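Colleague: Coordinates in coords_6.cif, mmCIF, C-alpha atoms and all ligand atoms, are listed below.
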```cif
data_structure
loop_
_atom_site.label_atom_id
_atom_site.label_comp_id
_atom_site.auth_asym_id
_atom_site.auth_seq_id
_atom_site.Cartn_x
_atom_site.Cartn_y
_atom_site.Cartn_z
CA MET D 812 -9.22 26.11 -3.98
CA ALA D 813 -8.95 29.51 -5.69
CA PRO D 814 -10.00 32.51 -3.57
CA ARG D 815 -13.48 33.89 -4.18
CA ASN D 816 -13.66 36.68 -6.78
CA GLU D 817 -10.30 35.67 -8.22
CA VAL D 818 -10.18 36.86 -11.81
CA LEU D 819 -9.39 33.85 -13.94
CA PRO D 820 -7.36 34.48 -17.07
CA GLY D 821 -9.01 34.03 -20.46
CA TYR D 822 -12.57 34.63 -21.52
CA ASP D 823 -15.73 34.65 -19.45
CA VAL D 824 -17.45 32.80 -22.26
CA ILE D 825 -16.40 31.10 -25.46
CA ILE D 826 -19.22 30.57 -27.91
CA VAL D 827 -18.67 27.91 -30.55
CA GLY D 828 -20.72 28.73 -33.65
CA ALA D 829 -21.80 32.03 -35.18
CA GLY D 830 -25.18 31.12 -36.58
CA PRO D 831 -28.34 32.79 -35.21
CA ALA D 832 -27.95 31.00 -31.84
CA GLY D 833 -24.32 31.94 -31.22
CA LEU D 834 -24.66 35.53 -32.44
CA SER D 835 -27.77 36.13 -30.36
CA ALA D 836 -26.05 34.83 -27.22
CA ALA D 837 -22.98 36.95 -27.98
CA LEU D 838 -25.12 40.10 -28.23
CA ILE D 839 -26.69 39.60 -24.80
CA LEU D 840 -23.41 38.57 -23.15
CA GLY D 841 -21.55 41.49 -24.74
CA ARG D 842 -24.16 43.82 -23.30
CA CYS D 843 -23.56 42.14 -19.91
CA ARG D 844 -19.95 43.36 -20.20
CA ARG D 845 -18.67 39.81 -20.38
CA ARG D 846 -15.41 39.00 -22.15
CA VAL D 847 -16.74 36.93 -25.02
CA LEU D 848 -15.09 35.10 -27.89
CA VAL D 849 -17.10 33.59 -30.75
CA CYS D 850 -15.34 30.94 -32.85
CA ASP D 851 -16.85 29.92 -36.15
CA SER D 852 -15.89 27.39 -38.81
CA GLY D 853 -18.17 28.95 -41.45
CA GLN D 854 -20.21 25.82 -42.23
CA TYR D 855 -23.70 27.27 -42.19
CA ARG D 856 -26.56 24.80 -42.25
CA ASN D 857 -28.72 27.02 -44.44
CA ALA D 858 -25.90 27.98 -46.85
CA ALA D 859 -27.90 26.56 -49.80
CA ALA D 860 -31.04 28.57 -48.99
CA GLN D 861 -32.02 31.43 -51.29
CA ALA D 862 -33.87 33.26 -48.53
CA MET D 863 -34.68 32.87 -44.87
CA HIS D 864 -38.36 32.96 -44.04
CA GLY D 865 -40.36 33.39 -40.88
CA PHE D 866 -37.87 35.48 -38.89
CA LEU D 867 -39.80 38.45 -37.53
CA SER D 868 -38.62 41.68 -39.20
CA ARG D 869 -36.18 39.77 -41.46
CA ASP D 870 -38.60 37.58 -43.48
CA GLY D 871 -37.14 36.76 -46.90
CA ILE D 872 -33.61 38.12 -46.48
CA ALA D 873 -30.56 36.06 -47.43
CA PRO D 874 -29.29 33.97 -44.49
CA SER D 875 -25.85 35.55 -44.94
CA GLU D 876 -27.41 38.99 -44.46
CA LEU D 877 -28.79 37.99 -41.05
CA ARG D 878 -25.32 36.86 -40.03
CA ARG D 879 -23.77 40.07 -41.39
CA ILE D 880 -26.16 42.26 -39.41
CA GLY D 881 -25.69 40.05 -36.36
CA ARG D 882 -21.92 40.41 -36.47
CA GLU D 883 -22.10 44.14 -37.13
CA GLN D 884 -24.27 44.67 -34.08
CA LEU D 885 -21.73 42.94 -31.83
CA ALA D 886 -19.03 45.50 -32.57
CA PRO D 887 -19.99 48.13 -29.92
CA TYR D 888 -19.80 45.53 -27.17
CA GLY D 889 -16.26 44.33 -27.75
CA VAL D 890 -17.21 40.76 -28.60
CA GLU D 891 -14.29 39.05 -30.34
CA LEU D 892 -14.88 36.89 -33.41
CA ARG D 893 -12.50 34.29 -34.77
CA GLU D 894 -12.88 32.41 -38.04
CA ALA D 895 -11.63 29.18 -36.56
CA ALA D 896 -12.90 25.68 -35.95
CA VAL D 897 -12.79 24.41 -32.40
CA SER D 898 -11.23 20.96 -32.51
CA GLY D 899 -11.14 20.07 -28.83
CA VAL D 900 -12.55 20.98 -25.43
CA ARG D 901 -11.59 19.88 -21.94
CA ALA D 902 -13.33 20.60 -18.66
CA GLY D 903 -11.02 21.61 -15.83
CA ALA D 904 -11.80 22.49 -12.22
CA ARG D 905 -13.20 25.98 -12.77
CA ARG D 906 -12.61 26.56 -16.41
CA PHE D 907 -12.67 25.00 -19.83
CA GLU D 908 -9.78 24.65 -22.21
CA VAL D 909 -10.68 25.12 -25.86
CA SER D 910 -8.34 24.07 -28.68
CA LEU D 911 -8.55 25.64 -32.10
CA GLU D 912 -7.63 23.86 -35.29
CA GLY D 913 -4.01 24.87 -35.74
CA GLY D 914 -3.18 24.19 -32.12
CA GLU D 915 -3.95 27.42 -30.23
CA ARG D 916 -5.46 26.86 -26.78
CA LEU D 917 -7.80 29.22 -24.97
CA VAL D 918 -9.45 29.25 -21.59
CA CYS D 919 -12.94 30.26 -20.49
CA ARG D 920 -15.26 30.02 -17.52
CA LYS D 921 -18.40 29.01 -19.39
CA LEU D 922 -18.85 27.41 -22.75
CA LEU D 923 -21.74 27.74 -25.15
CA LEU D 924 -22.13 25.19 -27.92
CA ALA D 925 -24.09 26.71 -30.80
CA THR D 926 -22.73 24.31 -33.38
CA GLY D 927 -25.98 23.45 -35.15
CA LEU D 928 -26.78 20.37 -37.19
CA VAL D 929 -25.64 18.98 -40.52
CA ASP D 930 -28.20 17.63 -43.00
CA ARG D 931 -27.56 14.29 -44.67
CA LEU D 932 -29.48 14.60 -47.92
CA PRO D 933 -30.69 11.61 -49.93
CA GLU D 934 -28.41 10.60 -52.80
CA LEU D 935 -30.77 11.43 -55.67
CA ALA D 936 -29.36 12.49 -59.03
CA GLY D 937 -30.12 16.18 -59.57
CA LEU D 938 -31.06 16.91 -55.95
CA ARG D 939 -27.96 18.87 -54.87
CA GLU D 940 -28.39 21.44 -57.66
CA MET D 941 -32.00 22.03 -56.60
CA TYR D 942 -31.52 22.01 -52.83
CA GLY D 943 -32.50 25.35 -51.34
CA LYS D 944 -34.34 26.44 -54.52
CA SER D 945 -37.02 23.88 -55.26
CA VAL D 946 -35.95 20.99 -53.03
CA HIS D 947 -36.45 21.66 -49.34
CA HIS D 948 -36.88 19.85 -46.08
CA CYS D 949 -38.80 22.34 -43.93
CA PRO D 950 -42.42 23.27 -44.77
CA TYR D 951 -42.37 26.15 -42.32
CA CYS D 952 -39.36 27.62 -44.11
CA ASP D 953 -40.42 27.07 -47.73
CA GLY D 954 -44.02 25.79 -47.84
CA TRP D 955 -45.50 29.19 -48.65
CA GLU D 956 -43.37 29.51 -51.81
CA ALA D 957 -44.66 26.08 -52.96
CA ARG D 958 -48.30 26.85 -52.22
CA ASP D 959 -50.97 25.60 -54.64
CA GLN D 960 -48.32 23.93 -56.83
CA PRO D 961 -47.71 20.22 -57.49
CA ILE D 962 -45.58 19.13 -54.54
CA GLY D 963 -43.61 15.90 -54.19
CA VAL D 964 -42.54 14.43 -50.89
CA TYR D 965 -39.53 12.11 -50.74
CA GLY D 966 -39.54 9.56 -47.93
CA PRO D 967 -38.20 6.01 -48.37
CA GLY D 968 -40.31 3.29 -46.78
CA SER D 969 -42.85 4.87 -44.48
CA THR D 970 -40.69 7.82 -43.40
CA GLY D 971 -42.48 10.39 -45.56
CA VAL D 972 -46.09 9.79 -44.49
CA GLN D 973 -46.28 12.56 -41.91
CA LEU D 974 -44.45 15.07 -44.11
CA ALA D 975 -46.76 14.26 -47.05
CA LEU D 976 -49.84 14.91 -44.90
CA THR D 977 -48.24 18.08 -43.53
CA MET D 978 -47.77 19.44 -47.06
CA LYS D 979 -51.54 19.35 -47.59
CA THR D 980 -51.57 22.59 -45.58
CA TRP D 981 -49.91 24.26 -48.56
CA SER D 982 -51.24 22.42 -51.61
CA ASP D 983 -54.03 20.05 -52.61
CA ASP D 984 -51.69 18.31 -55.04
CA VAL D 985 -49.24 16.23 -53.01
CA ILE D 986 -47.59 12.95 -54.10
CA LEU D 987 -45.50 10.78 -51.78
CA PHE D 988 -42.47 9.11 -53.43
CA THR D 989 -41.19 6.15 -51.41
CA ASP D 990 -38.35 5.32 -53.85
CA GLY D 991 -38.96 1.60 -53.52
CA PRO D 992 -41.15 -0.74 -51.50
CA ALA D 993 -43.04 0.97 -48.72
CA PRO D 994 -44.38 -1.05 -45.81
CA LEU D 995 -47.21 1.34 -45.02
CA SER D 996 -49.75 0.22 -42.47
CA GLU D 997 -53.41 -0.08 -43.43
CA ALA D 998 -54.14 2.97 -41.30
CA GLU D 999 -51.44 5.00 -43.07
CA GLU D 1000 -52.67 3.95 -46.52
CA ALA D 1001 -56.22 4.87 -45.55
CA ARG D 1002 -55.20 8.23 -44.10
CA LEU D 1003 -53.18 9.18 -47.19
CA ALA D 1004 -56.05 8.12 -49.46
CA ARG D 1005 -58.61 10.01 -47.35
CA HIS D 1006 -56.58 13.21 -47.80
CA GLY D 1007 -55.91 12.66 -51.49
CA VAL D 1008 -52.16 11.91 -51.28
CA ALA D 1009 -51.11 9.48 -54.02
CA VAL D 1010 -48.19 7.13 -53.28
CA ARG D 1011 -45.57 6.26 -55.93
CA ARG D 1012 -43.45 3.26 -54.97
CA GLU D 1013 -41.20 3.08 -58.06
CA ARG D 1014 -37.49 3.77 -57.65
CA ILE D 1015 -36.50 7.31 -58.61
CA ALA D 1016 -33.94 7.63 -61.42
CA ARG D 1017 -33.33 11.40 -61.18
CA LEU D 1018 -34.80 14.85 -60.70
CA GLU D 1019 -35.03 17.03 -63.79
CA GLY D 1020 -35.39 20.76 -64.15
CA GLU D 1021 -33.51 23.92 -65.06
CA ASP D 1022 -31.32 26.26 -63.02
CA GLY D 1023 -32.25 24.46 -59.83
CA TRP D 1024 -36.00 24.57 -60.49
CA LEU D 1025 -37.60 21.13 -60.46
CA SER D 1026 -39.95 20.24 -63.28
CA ARG D 1027 -40.27 16.43 -63.05
CA VAL D 1028 -39.37 13.39 -61.02
CA VAL D 1029 -38.14 10.69 -63.41
CA LEU D 1030 -38.80 7.12 -62.28
CA ALA D 1031 -36.69 4.03 -62.98
CA ASP D 1032 -39.09 2.81 -65.71
CA GLY D 1033 -38.57 6.09 -67.61
CA SER D 1034 -41.94 7.61 -66.79
CA ALA D 1035 -41.98 11.09 -65.28
CA VAL D 1036 -44.19 12.86 -62.75
CA GLU D 1037 -44.51 16.64 -63.08
CA ARG D 1038 -43.67 18.43 -59.80
CA ARG D 1039 -42.60 21.99 -58.97
CA SER D 1040 -41.02 21.26 -55.61
CA LEU D 1041 -39.85 18.32 -53.56
CA PHE D 1042 -39.80 18.18 -49.78
CA VAL D 1043 -37.44 15.55 -48.42
CA LYS D 1044 -37.06 13.75 -45.14
CA ALA D 1045 -33.43 14.58 -44.38
CA ARG D 1046 -31.44 12.95 -41.60
CA GLN D 1047 -29.58 15.36 -39.36
CA GLU D 1048 -26.46 14.92 -37.29
CA GLN D 1049 -24.69 17.13 -34.75
CA GLY D 1050 -22.53 19.81 -36.39
CA ALA D 1051 -19.70 19.04 -33.96
CA ASP D 1052 -18.72 16.32 -31.50
CA LEU D 1053 -17.82 18.75 -28.73
CA ALA D 1054 -20.85 17.94 -26.55
CA ALA D 1055 -19.92 14.28 -26.59
CA LYS D 1056 -16.31 15.16 -25.73
CA LEU D 1057 -17.60 17.05 -22.68
CA ARG D 1058 -19.76 14.07 -21.68
CA CYS D 1059 -22.99 16.03 -22.18
CA GLU D 1060 -25.97 13.76 -22.69
CA VAL D 1061 -26.80 13.63 -26.40
CA THR D 1062 -29.59 11.63 -27.99
CA GLU D 1063 -30.21 11.18 -31.68
CA GLU D 1064 -33.82 12.24 -31.39
CA ARG D 1065 -33.52 15.20 -29.00
CA GLY D 1066 -29.96 16.36 -29.62
CA VAL D 1067 -27.91 17.77 -26.76
CA GLU D 1068 -30.04 17.45 -23.63
CA THR D 1069 -30.57 20.46 -21.42
CA ALA D 1070 -31.04 20.36 -17.67
CA GLU D 1071 -33.36 22.66 -15.76
CA ARG D 1072 -31.33 25.87 -15.88
CA HIS D 1073 -31.54 28.03 -19.01
CA GLU D 1074 -30.11 25.81 -21.77
CA GLU D 1075 -27.42 24.35 -19.48
CA THR D 1076 -26.44 20.83 -20.52
CA THR D 1077 -25.99 17.90 -18.18
CA THR D 1078 -22.33 19.01 -17.83
CA SER D 1079 -22.10 21.96 -15.45
CA GLY D 1080 -20.92 25.19 -17.10
CA VAL D 1081 -21.61 23.96 -20.63
CA PHE D 1082 -24.64 25.45 -22.34
CA VAL D 1083 -26.21 24.65 -25.70
CA ALA D 1084 -28.43 26.72 -28.01
CA GLY D 1085 -30.00 26.44 -31.43
CA ASP D 1086 -30.45 23.43 -33.66
CA ALA D 1087 -27.91 21.38 -31.67
CA SER D 1088 -30.52 20.90 -28.96
CA ARG D 1089 -33.14 20.01 -31.57
CA ASP D 1090 -36.39 21.66 -30.64
CA VAL D 1091 -38.18 23.50 -33.43
CA LEU D 1092 -35.47 23.90 -36.08
CA LEU D 1093 -36.05 27.52 -37.08
CA ALA D 1094 -33.59 30.40 -37.06
CA ILE D 1095 -35.73 32.53 -34.77
CA MET D 1096 -35.92 29.67 -32.27
CA ALA D 1097 -32.15 29.30 -32.43
CA ALA D 1098 -31.76 33.02 -31.74
CA ALA D 1099 -34.23 32.82 -28.85
CA GLU D 1100 -32.39 29.86 -27.33
CA GLY D 1101 -29.14 31.79 -27.71
CA ALA D 1102 -30.62 34.66 -25.69
CA ASP D 1103 -31.90 32.20 -23.08
CA ALA D 1104 -28.49 30.54 -22.77
CA ALA D 1105 -26.84 33.95 -22.44
CA PHE D 1106 -29.20 34.78 -19.59
CA GLY D 1107 -28.36 31.46 -17.91
CA ILE D 1108 -24.62 31.98 -18.38
CA ASN D 1109 -24.66 35.51 -17.00
CA CYS D 1110 -26.69 34.40 -13.96
CA ALA D 1111 -24.23 31.55 -13.34
CA LEU D 1112 -21.27 33.96 -13.54
CA GLN D 1113 -23.03 36.38 -11.20
CA GLU D 1114 -23.65 33.59 -8.70
CA GLU D 1115 -19.93 32.81 -8.69
CA ASP D 1116 -18.73 36.42 -8.56
CA LEU D 1117 -21.28 37.89 -6.19
CA ALA D 1118 -21.67 35.06 -3.68
C1 LIG D 1201 -31.70 24.71 -46.69
C2 LIG D 1201 -32.21 25.27 -45.38
C3 LIG D 1201 -33.12 26.29 -45.38
C4 LIG D 1201 -33.59 26.82 -44.19
N1 LIG D 1201 -34.49 27.83 -44.23
C5 LIG D 1201 -34.92 28.37 -43.10
C6 LIG D 1201 -35.87 29.43 -43.12
O1 LIG D 1201 -36.32 29.86 -44.19
N2 LIG D 1201 -36.29 29.94 -41.94
C7 LIG D 1201 -35.82 29.47 -40.74
O2 LIG D 1201 -36.21 29.99 -39.69
N3 LIG D 1201 -34.92 28.47 -40.68
C8 LIG D 1201 -34.48 27.91 -41.82
N4 LIG D 1201 -33.59 26.87 -41.77
C9 LIG D 1201 -33.14 26.39 -40.47
C10 LIG D 1201 -32.05 27.34 -39.93
O3 LIG D 1201 -31.02 27.47 -40.86
C11 LIG D 1201 -31.52 26.81 -38.60
O4 LIG D 1201 -32.59 26.59 -37.70
C12 LIG D 1201 -30.53 27.81 -37.99
O5 LIG D 1201 -29.47 28.09 -38.86
C13 LIG D 1201 -29.98 27.24 -36.69
O6 LIG D 1201 -29.08 28.14 -36.16
P1 LIG D 1201 -27.85 27.64 -35.27
O7 LIG D 1201 -27.17 28.88 -34.84
O8 LIG D 1201 -28.33 26.70 -34.24
O9 LIG D 1201 -26.95 26.76 -36.25
P2 LIG D 1201 -26.21 27.13 -37.62
O10 LIG D 1201 -26.85 28.27 -38.29
O11 LIG D 1201 -26.10 25.85 -38.36
O12 LIG D 1201 -24.78 27.60 -37.15
C14 LIG D 1201 -23.89 26.68 -36.55
C15 LIG D 1201 -22.52 27.29 -36.62
O13 LIG D 1201 -21.60 26.52 -35.85
C16 LIG D 1201 -20.37 26.47 -36.54
N5 LIG D 1201 -19.61 25.31 -36.05
C17 LIG D 1201 -19.98 24.00 -36.03
N6 LIG D 1201 -18.99 23.27 -35.48
C18 LIG D 1201 -18.00 24.13 -35.16
C19 LIG D 1201 -16.72 23.98 -34.57
N7 LIG D 1201 -16.24 22.78 -34.20
N8 LIG D 1201 -15.95 25.08 -34.38
C20 LIG D 1201 -16.40 26.31 -34.73
N9 LIG D 1201 -17.62 26.51 -35.30
C21 LIG D 1201 -18.40 25.44 -35.50
C22 LIG D 1201 -20.76 26.36 -38.00
O14 LIG D 1201 -19.72 26.78 -38.83
C23 LIG D 1201 -21.96 27.32 -38.04
O15 LIG D 1201 -21.54 28.61 -38.33
C24 LIG D 1201 -33.11 26.30 -42.95
C25 LIG D 1201 -32.19 25.25 -42.95
C26 LIG D 1201 -31.74 24.73 -44.14
C27 LIG D 1201 -30.77 23.59 -44.11
#
```
Spell out the structure here as structure tokens.
Ligand SMILES: Cc1cc2nc3c(=O)[nH]c(=O)nc-3n(C[C@H](O)[C@H](O)[C@H](O)COP(=O)(O)OP(=O)(O)OC[C@H]3O[C@@H](n4cnc5c(N)ncnc54)[C@H](O)[C@@H]3O)c2cc1C
Modeller:
Amino acid sequence: MAPRNEVLPGYDVIIVGAGPAGLSAALILGRCRRRVLVCDSGQYRNAAAQAMHGFLSRDGIAPSELRRIGREQLAPYGVELREAAVSGVRAGARRFEVSLEGGERLVCRKLLLATGLVDRLPELAGLREMYGKSVHHCPYCDGWEARDQPIGVYGPGSTGVQLALTMKTWSDDVILFTDGPAPLSEAEEARLARHGVAVRRERIARLEGEDGWLSRVVLADGSAVERRSLFVKARQEQGADLAAKLRCEVTEERGVETAERHEETTTSGVFVAGDASRDVLLAIMAAAEGADAAFGINCALQEEDLA
């Protein structure tokens, strides 16, 4: 057993991911005089977005600008940043070993996973070019820009019902595209009809528009439905498999589970923040969870050092 107050080599904290969650945690931990390393593979979930909305004081700026400011503000606190993907993690007795792609191995006392989610978009011809401009998945992020316009909702089967009803908050003109047979219940059909949401069950051939701006949804029979934006039900997966490697509990629906202490996972010493723990998937929530995790990490380090 190592003597109390022994200074372990390596970092106090390694943060994996430099999105809003990781950067926010790094800021708080840097200000706590912790030795912090942030590793980032540069795969930002919102890379396709034109602007980031709903972040207090930063509404409408480019997502990259938020990250630039975030990184800049870490400089006075000595936080180290590495453009490197973390390929492996191993929990030891009182520390974690982190492997970077390329083979380098680093050691830390606490680990924060801020690795986000990856969106699996539907394979619709024309969609990729429009994603982030006129094809979106999050009404809270992009609903305002689509307000009062003809909105389409893409949800195969019955997956789009809730999203279609949600979009009525922003426009009276909402059509649900099921892209094939849709086993909607009587109650769902009645609810959609009551709120004026038409359902189109034909297969979709492609999305058409110019410079990323949707103008029509073309159906398999050649007919077209005029729309200015399309909100899609996208499937999301964990941005990294590190939580699973550390035997943290992860569920498809709720993401990486957190225990009682501030964003700590079910594996002691491993914390999670941001989209990876799947609460409300907004940048400001990710940043808030990052701050919460940083608080939890610093308290845990204090408990060890000042016992
Ligand atoms: C198209 C789009 C538009 C959006 N618009 C808005 C909006 O307008 N307003 C809003 O509030 N939210 C918006 N969001 C949601 C917002 O982007 C996320 O909620 C936010 O980015 C989550 O932050 P995060 O730090 O948890 O994850 P991310 O921002 O996804 O960052 C995760 C980071 O982890 C890194 N990473 C992953 N694995 C590894 C690894 N193994 N090693 C090293 N690094 C790793 C990635 O490279 C990435 O930098 C949008 C999302 C999308 C997809």
Colleague: Taking all atoms of ligand LIG 1201 (chain D) that the file lists, what box with edges along x, y and z, padded by 6 Å per side, do you get, with centre and edge lengths in Å to one decimal, as AutoDock Vina command-line options?
Modeller:
```
--center_x -26.1 --center_y 26.4 --center_z -40.4 --size_x 32.4 --size_y 19.2 --size_z 24.5
```
Colleague: In Å, how far is it from atom CA of D:Cys850 to atom CA of D:Arg901?
Modeller: 16.0 Å
Colleague: Using all atoms listed in the file, which protein or nucleic acid residues are at most 6 Å from ligand LIG 1201 (chain D), as a ChimeraX atom specification?
Modeller: /D:827-833,850-857,859-860,863-866,895-898,925-928,943,952,1050-1051,1085-1087,1092-1095,1097
Colleague: Select, counting only C-alpha atoms, all protein, DNA and RNA residues no farther than 9 Å from (-12.4, 26.7, -18.2) in file coordinates, and express the selection as an mmCIF file with C-alpha atoms, keeping the file's coordinate frame.
Modeller:
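Everything below was put into selection-v4.cif:
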```cif
data_model
loop_
_atom_site.group_PDB
_atom_site.id
_atom_site.type_symbol
_atom_site.label_atom_id
_atom_site.label_comp_id
_atom_site.auth_asym_id
_atom_site.auth_seq_id
_atom_site.Cartn_x
_atom_site.Cartn_y
_atom_site.Cartn_z
ATOM 1 C CA LEU D 819 -9.390 33.850 -13.940
ATOM 2 C CA GLY D 821 -9.010 34.030 -20.460
ATOM 3 C CA TYR D 822 -12.570 34.630 -21.520
ATOM 4 C CA ASP D 823 -15.730 34.650 -19.450
ATOM 5 C CA VAL D 824 -17.450 32.800 -22.260
ATOM 6 C CA ARG D 901 -11.590 19.880 -21.940
ATOM 7 C CA ALA D 902 -13.330 20.600 -18.660
ATOM 8 C CA GLY D 903 -11.020 21.610 -15.830
ATOM 9 C CA ALA D 904 -11.800 22.490 -12.220
ATOM 10 C CA ARG D 905 -13.200 25.980 -12.770
ATOM 11 C CA ARG D 906 -12.610 26.560 -16.410
ATOM 12 C CA PHE D 907 -12.670 25.000 -19.830
ATOM 13 C CA GLU D 908 -9.780 24.650 -22.210
ATOM 14 C CA VAL D 909 -10.680 25.120 -25.860
ATOM 15 C CA LEU D 917 -7.800 29.220 -24.970
ATOM 16 C CA VAL D 918 -9.450 29.250 -21.590
ATOM 17 C CA CYS D 919 -12.940 30.260 -20.490
ATOM 18 C CA ARG D 920 -15.260 30.020 -17.520
ATOM 19 C CA LYS D 921 -18.400 29.010 -19.390
ATOM 20 C CA LEU D 922 -18.850 27.410 -22.750
ATOM 21 C CA GLY D 1080 -20.920 25.190 -17.100
#
```
Colleague: May I ask which of the residues D:Trp955, D:Trp1024, D:Phe988, D:Phe1042 is the closest one to D:Arg1011, counting only C-alpha atoms?
Modeller: D:Phe988
Colleague: Between D:Gly1020, D:Ala862, D:Val946, D:Arg845, which is the closest to D:Leu932 once you count all atoms listed in the file?
Modeller: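 Among the listed residues, D:Val946 lies closest to D:Leu932.
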Colleague: Skipping near chain neighbours, those fewer than 3 positions away, what residues fall within 7 Å of D:Arg958 using all atoms listed in the file, listed as a PyMOL selection string?
Modeller: chain D and resi 954-955+981-982
Colleague: To one decimal place, how far is atom CA of D:Gly991 from atom CA of D:Val1010 in Å?
Modeller: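 Atom CA of D:Gly991 sits 10.8 Å away from atom CA of D:Val1010.
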Colleague: For the atom pair atom CA of D:Ala1016 and atom CA of D:Asp983, what is the interatomic distance in Å to one decimal place?
Modeller: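 If I compute the distance from atom CA of D:Ala1016 to atom CA of D:Asp983, I get 25.2 Å.
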Colleague: Using only C-alpha atoms, can you list as a ChimeraX atom specification the residues within 12 Å of (-31.8, 22.8, -23.0)?
Modeller: /D:923-925,1059-1061,1065-1078,1081-1090,1097,1099-1101,1103-1104,1107
Colleague: Could you give me, as a ChimeraX atom specification, the residues within 6 Å of stretch 962-969 of chain D, counting only C-alpha atoms and dropping anything in the same chain fewer than 3 positions from it?
Modeller: /D:972,975,985-990,993,995,1038,1040-1044
Colleague: Let me make sure I understand: among D:Leu935, D:Cys949, D:Met941, D:Ala1098, which one has the smallest atom-to-atom distance to D:Gly881 if we use all atoms listed in the file?
Modeller: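 Smallest separation from D:Gly881 among the options: D:Ala1098.
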Colleague: Which residue, D:Asn1109, D:Asp1116, D:Val1036, D:Gly913, has the smallest gap to D:Leu840 when you use only C-alpha atoms?
Modeller: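 Counting only C-alpha atoms, the residue closest to D:Leu840 is D:Asn1109.
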Colleague: Quick one: residues within 7 Å of D:Ala873, all atoms listed in the file counted, chain neighbours fewer than 2 positions away excluded, as a short mmCIF file (atom, residue, chain, number, x, y, z; two decimals) with C-alpha atoms, in the coordinates of the input?
Modeller:
```
data_model
loop_
_atom_site.label_atom_id
_atom_site.label_comp_id
_atom_site.auth_asym_id
_atom_site.auth_seq_id
_atom_site.Cartn_x
_atom_site.Cartn_y
_atom_site.Cartn_z
CA GLN D 861 -32.02 31.43 -51.29
CA ALA D 862 -33.87 33.26 -48.53
CA MET D 863 -34.68 32.87 -44.87
CA GLY D 871 -37.14 36.76 -46.90
CA SER D 875 -25.85 35.55 -44.94
CA GLU D 876 -27.41 38.99 -44.46
CA LEU D 877 -28.79 37.99 -41.05
#
```
Colleague: Select, from D:Leu976, D:Pro961, D:Pro994, D:Arg1039, the residue with the minimum atom-to-atom distance to D:Gly1023, counting only C-alpha atoms.
Modeller: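 Answer, going by the shortest atom-to-atom distance: D:Arg1039.
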Colleague: Generate the coordinates of N, CA and C atoms for stretch 918-929 of chain D; report them as a compact mmCIF listing (two decimals), keeping the file's coordinate frame.
Modeller:
```
# COMPACT_ATOMS: atom_id res chain seq x y z
N VAL D 918 -8.81 29.66 -22.84
CA VAL D 918 -9.45 29.25 -21.59
C VAL D 918 -10.69 30.11 -21.35
N CYS D 919 -11.73 29.50 -20.81
CA CYS D 919 -12.94 30.26 -20.49
C CYS D 919 -13.63 29.68 -19.26
N ARG D 920 -14.54 30.49 -18.71
CA ARG D 920 -15.26 30.02 -17.52
C ARG D 920 -16.53 29.26 -17.90
N LYS D 921 -17.19 29.70 -18.92
CA LYS D 921 -18.40 29.01 -19.39
C LYS D 921 -18.28 28.81 -20.89
N LEU D 922 -18.95 27.77 -21.33
CA LEU D 922 -18.85 27.41 -22.75
C LEU D 922 -20.25 27.29 -23.33
N LEU D 923 -20.46 27.90 -24.47
CA LEU D 923 -21.74 27.74 -25.15
C LEU D 923 -21.53 27.03 -26.49
N LEU D 924 -22.19 25.92 -26.66
CA LEU D 924 -22.13 25.19 -27.92
C LEU D 924 -23.32 25.60 -28.78
N ALA D 925 -23.03 26.29 -29.87
CA ALA D 925 -24.09 26.71 -30.80
C ALA D 925 -23.70 26.20 -32.18
N THR D 926 -23.38 24.91 -32.21
CA THR D 926 -22.73 24.31 -33.38
C THR D 926 -23.69 23.72 -34.40
N GLY D 927 -24.98 23.81 -34.13
CA GLY D 927 -25.98 23.45 -35.15
C GLY D 927 -26.00 21.98 -35.54
N LEU D 928 -26.64 21.72 -36.65
CA LEU D 928 -26.78 20.37 -37.19
C LEU D 928 -26.28 20.35 -38.63
N VAL D 929 -26.01 19.15 -39.11
CA VAL D 929 -25.64 18.98 -40.52
C VAL D 929 -26.68 18.07 -41.15
```
